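Asks: I'd like to ask you about the structure that follows.
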Amino acid sequence: MLLLLAPFLLLADSVLAQSHPGRRGILQYEPSLPGNIIFGILFAILGILFSYHIHKHSDRWALCLPIGAIASALGYFLKLALDPDNFALMLYVVQNALIVISPSAFLAFNYMLYGRFITAIDPTFDINSPKQNSKMTKSRFSFIPPRIVGRTFVWSDIITFLVQMAAGGMQAAGSKGGPSLSKLGYNLFLAGVTIQGISYCLFTALLTVALKRLIEDRRTNPTLRGNTWKGLDRNTTLIVAGLYLSSLFIIIRSIYRIVEFAEGYDGYLIGQEIYLFILDAAPLVIAIGVFAFIWPPVLLDTIASQTRQAEQNHTMETGSASIHTNNRNKSEWVPLV
């Protein structure tokens, strides 16, 4: 925990060292009581809903959602305790870390959801086959093996976070007499945030390629063709729509954070709490809120079952060799990502 808070302690210390005489405290505004309460409650409700779904369906891989939501809720509730006239450094560091770090859990969920989605829609993914046990096994729908997508992008986030930690140390050291080091740290911090945003944009591109291939496959495969949208069935359409909606608002939030850091501590955005609400908190509530209404693990289970059953029925009718798949529960087909 101390390691996670270290960069924020250093950054806050840097901010205090560089504060203008007229500034009241760390924050440039008095925290909005209704705004922070509303978003704190919204994130808390979502955290409870996600916890309920996970408990009911035993979807432990989705634990990052309630953890991130509860962390965000705590961040906004703690913000109310900040006194703009008092340098409450540790309190500021804790609440800011909770708000800034927690979205990484939401990104991680989408990354893992993608991998499970690909294995659900691809009937050739059969874990009973030794070859399919390899994490590097590819799917015709994804140019990155679905079992390693989560790891790939999560590690990307970890690396960018470590970059931001190093940048925080440089800024703090620079504030004590090294302007050039401080500037380097500032630029490095901005680079870390930017790379994280670019990484998620690449993930969205990966999702788009998979969707294009899936639509083409379903249009030419009457056995698996649905009738909801472009040859997709209802559950598949809901997963795709949920991922795209979530990704759209995550990207909006990322752009806001990039611009905010680019402006610096004396910038306009960081001094206006309303932008934190409408460009950070609200987009994230929507980005994860959609999954409270369409719980993906349940949909994935149905998609995998129906896809494999349809494919098996087709091979039986045509006399083809069985692909050794049947209506199996989620513990048999969901990849460990």
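Here's how to read the names in the structure tokens: chain A, B, ... by the order shown, residue numbers from 1 in each chain, ligand numbers from 1 in the order shown.
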Using only C-alpha atoms, determine which residues lie at most 10 Å from Leu107 in chain A, disregarding the query and same-chain residues fewer than 6 positions distant; provide the list as a list in words.

Replies: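 Here the answer would be Cys64, Leu65, Gly68, Leu113, Gly150, Phe153, Val154, Asp157, Tyr200, Phe203, Ser246, Ser247, Ile250, Ala287 and Ile288 of chain A.
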
Asks: Keeping N, CA and C atoms, export the residues of the selection given above as a CSV table (one decimal), in the first residue's frame.

Replies:
chain,number,residue,atom,x,y,z
A,64,CYS,N,-12.4,-7.6,-10.0
A,64,CYS,CA,-11.8,-6.3,-10.1
A,64,CYS,C,-12.8,-5.2,-10.2
A,65,LEU,N,-14.0,-5.6,-10.7
A,65,LEU,CA,-15.1,-4.5,-10.9
A,65,LEU,C,-15.6,-4.0,-9.5
A,68,GLY,N,-12.7,-2.0,-7.7
A,68,GLY,CA,-12.5,-0.7,-8.3
A,68,GLY,C,-13.6,0.2,-8.0
A,113,LEU,N,-12.6,-9.6,-20.1
A,113,LEU,CA,-13.9,-9.9,-20.8
A,113,LEU,C,-13.7,-10.2,-22.3
A,150,GLY,N,-5.6,-10.4,-21.8
A,150,GLY,CA,-5.7,-9.8,-20.5
A,150,GLY,C,-4.3,-9.5,-19.9
A,153,PHE,N,-2.4,-6.6,-21.8
A,153,PHE,CA,-2.8,-5.2,-21.6
A,153,PHE,C,-2.7,-4.8,-20.1
A,154,VAL,N,-2.9,-5.8,-19.2
A,154,VAL,CA,-2.8,-5.5,-17.8
A,154,VAL,C,-1.3,-5.1,-17.5
A,157,ASP,N,-0.6,-1.7,-18.5
A,157,ASP,CA,-1.0,-0.7,-17.4
A,157,ASP,C,0.0,-0.6,-16.3
A,200,TYR,N,-5.2,1.6,-24.4
A,200,TYR,CA,-6.6,1.2,-24.4
A,200,TYR,C,-7.2,1.4,-25.8
A,203,PHE,N,-6.5,-1.6,-27.7
A,203,PHE,CA,-7.4,-2.6,-27.3
A,203,PHE,C,-8.7,-2.5,-28.0
A,246,SER,N,-18.7,0.9,-22.9
A,246,SER,CA,-17.7,1.1,-21.8
A,246,SER,C,-16.4,1.7,-22.3
A,247,SER,N,-15.9,1.2,-23.5
A,247,SER,CA,-14.7,1.7,-24.0
A,247,SER,C,-14.8,3.1,-24.4
A,250,ILE,N,-14.5,5.2,-21.3
A,250,ILE,CA,-13.1,5.1,-20.7
A,250,ILE,C,-12.1,5.9,-21.5
A,287,ALA,N,-19.3,3.7,-17.8
A,287,ALA,CA,-18.5,2.6,-18.4
A,287,ALA,C,-18.6,1.3,-17.7
A,288,ILE,N,-18.8,1.3,-16.4
A,288,ILE,CA,-19.0,0.1,-15.6
A,288,ILE,C,-20.5,-0.2,-15.3

Asks: Listing only residues of range 85-125 of chain A within 12 Å of range 30-49 of chain A, what is the closest atom pair and its distance in Å (to one decimal) for each, using only C-alpha atoms, sorted by chain and residue number ascending, as CSV?

Replies:
residue,atom,partner,partner_atom,distance
A:Asp85,CA,A:Glu30,CA,9.0
A:Asn86,CA,A:Glu30,CA,11.2
A:Tyr92,CA,A:Pro31,CA,11.7
A:Gln95,CA,A:Asn36,CA,11.6
A:Leu98,CA,A:Gly40,CA,11.7
A:Ile99,CA,A:Gly40,CA,10.5
A:Ser102,CA,A:Phe43,CA,11.0
A:Pro103,CA,A:Phe43,CA,11.5
A:Phe106,CA,A:Gly47,CA,11.6

Asks: So that I have them on file, write out the residues from the current selection with C-alpha atoms, as a PDB file, in the first residue's frame.

Replies:
ATOM      1  CA  ASP A  85      -7.435  25.849   4.088  1.00  0.00           C
ATOM      2  CA  ASN A  86      -5.359  23.061   5.575  1.00  0.00           C
ATOM      3  CA  TYR A  92      -5.258  14.112   0.059  1.00  0.00           C
ATOM      4  CA  GLN A  95      -8.266   9.935  -1.658  1.00  0.00           C
ATOM      5  CA  LEU A  98      -8.160   5.861  -4.814  1.00  0.00           C
ATOM      6  CA  ILE A  99      -9.760   8.003  -7.529  1.00  0.00           C
ATOM      7  CA  SER A 102      -9.238   2.494  -9.326  1.00  0.00           C
ATOM      8  CA  PRO A 103     -10.092   2.887 -13.057  1.00  0.00           C
ATOM      9  CA  PHE A 106     -12.193  -1.327 -14.863  1.00  0.00           C
TER      10      PHE A 106
END

Asks: What gap, in Å, lies between CA of Ser104 in chain A and CA of Pro146 in chain A?

Replies: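 It comes out at 19.7 Å.
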
Asks: Between A:Ile158, A:Leu245, A:Leu300, A:Val209, single out the one closest to Asp59 in chain A, counting only C-alpha atoms.

Replies: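 Of A:Ile158, A:Leu245, A:Leu300, A:Val209, the one nearest Asp59 in chain A, counting only C-alpha atoms, is A:Leu300.
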
Asks: Where in range 88-329 of chain A does DSSP assign helix (DSSP H, G or I), given as a VMD selection string?

Replies: chain A and resid 89 to 101 103 to 121 130 to 133 146 to 174 179 to 220 234 to 263 269 to 271 273 to 293 296 to 318

Asks: Separation of CA of Ile252 in chain A and CA of Asp266 in chain A, in Å?

Replies: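 CA of Ile252 in chain A sits 21.9 Å away from CA of Asp266 in chain A.
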
Asks: Please provide the set of residues having any atom within 7 Å of Val149 in chain A, restricted to only C-alpha atoms, with same-chain residues fewer than 4 positions apart removed, written as a ChimeraX atom specification.

Replies: /A:111,115,144-145,153

Asks: Write the residues of the preceding selection, restricted to C-alpha atoms, as a short mmCIF file (atom, residue, chain, number, x, y, z; two decimals), in the first residue's frame.

Replies:
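Contents of the output file out.cif:
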data_model
loop_
_atom_site.label_atom_id
_atom_site.label_comp_id
_atom_site.auth_asym_id
_atom_site.auth_seq_id
_atom_site.Cartn_x
_atom_site.Cartn_y
_atom_site.Cartn_z
CA TYR A 111 -9.37 -6.85 -21.09
CA GLY A 115 -10.52 -12.95 -23.95
CA ILE A 144 -3.73 -11.89 -30.40
CA PRO A 145 -4.33 -15.24 -28.63
CA PHE A 153 -2.76 -5.20 -21.58
#

Asks: Nearest to Tyr244 in chain A: which of A:Ala292, A:Leu224, A:Val285, A:Cys201 is it, counting only C-alpha atoms?

Replies: A:Cys201

Asks: Taking only C-alpha atoms into account, which of A:Tyr186, A:Trp61, A:Tyr256, A:Tyr268 comes nearest Phe109 in chain A?

Replies: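 With only C-alpha atoms as the atom set, the closest residue is A:Trp61.
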
Asks: Residues at most 12 Å from Val193 in chain A, counting only C-alpha atoms, excluding those fewer than 5 positions away in the same chain, as an MDAnalysis selection string?

Replies: chainID A and resid 100:101 104 156:165 167 186:188 198:200 251 253:262

Asks: Once you have the residues from the selection above, write them out as a PDB file, in the first residue's frame, restricted to C-alpha atoms.

Replies:
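So the final result, stored in part.pdb, reads:
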ATOM      1  CA  VAL A 100      -6.817   7.855  -9.936  1.00  0.00           C
ATOM      2  CA  ILE A 101      -5.825   4.189  -9.519  1.00  0.00           C
ATOM      3  CA  SER A 104      -7.229   0.494 -13.810  1.00  0.00           C
ATOM      4  CA  SER A 156       0.974  -2.561 -20.125  1.00  0.00           C
ATOM      5  CA  ASP A 157      -0.997  -0.703 -17.449  1.00  0.00           C
ATOM      6  CA  ILE A 158       1.414  -1.843 -14.734  1.00  0.00           C
ATOM      7  CA  ILE A 159       4.384  -0.560 -16.728  1.00  0.00           C
ATOM      8  CA  THR A 160       2.771   2.833 -17.339  1.00  0.00           C
ATOM      9  CA  PHE A 161       1.935   3.047 -13.644  1.00  0.00           C
ATOM     10  CA  LEU A 162       5.564   2.367 -12.726  1.00  0.00           C
ATOM     11  CA  VAL A 163       6.573   5.097 -15.175  1.00  0.00           C
ATOM     12  CA  GLN A 164       4.262   7.488 -13.353  1.00  0.00           C
ATOM     13  CA  MET A 165       5.783   6.447 -10.019  1.00  0.00           C
ATOM     14  CA  ALA A 167       8.019  10.525 -12.664  1.00  0.00           C
ATOM     15  CA  TYR A 186       6.507  16.164 -15.303  1.00  0.00           C
ATOM     16  CA  ASN A 187       6.980  15.145 -18.938  1.00  0.00           C
ATOM     17  CA  LEU A 188       7.471  11.511 -17.940  1.00  0.00           C
ATOM     18  CA  ILE A 198      -3.034   4.778 -26.329  1.00  0.00           C
ATOM     19  CA  SER A 199      -2.891   1.224 -24.975  1.00  0.00           C
ATOM     20  CA  TYR A 200      -6.634   1.205 -24.434  1.00  0.00           C
ATOM     21  CA  ILE A 251     -11.440   6.806 -23.667  1.00  0.00           C
ATOM     22  CA  ARG A 253     -11.941   9.840 -19.310  1.00  0.00           C
ATOM     23  CA  SER A 254      -8.425   9.083 -20.578  1.00  0.00           C
ATOM     24  CA  ILE A 255      -8.448  12.123 -22.875  1.00  0.00           C
ATOM     25  CA  TYR A 256      -9.536  14.307 -19.965  1.00  0.00           C
ATOM     26  CA  ARG A 257      -6.701  13.045 -17.764  1.00  0.00           C
ATOM     27  CA  ILE A 258      -4.141  13.528 -20.545  1.00  0.00           C
ATOM     28  CA  VAL A 259      -5.236  17.128 -21.123  1.00  0.00           C
ATOM     29  CA  GLU A 260      -5.356  17.786 -17.373  1.00  0.00           C
ATOM     30  CA  PHE A 261      -1.786  16.597 -16.854  1.00  0.00           C
ATOM     31  CA  ALA A 262      -0.641  18.404 -19.996  1.00  0.00           C
TER      32      ALA A 262
END

Asks: CA of Ser72 in chain A and CA of Ala97 in chain A are how many Å apart?

Replies: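 CA of Ala97 in chain A lies at a distance of 9.3 Å from CA of Ser72 in chain A.
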
Asks: Can you work out which one of A:Ile118, A:Ile195, A:Ile294, A:Met112 has the shortest atom-to-atom distance to Phe50 in chain A, counting only C-alpha atoms?

Replies: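 Counting only C-alpha atoms, the residue closest to Phe50 in chain A is A:Ile294.
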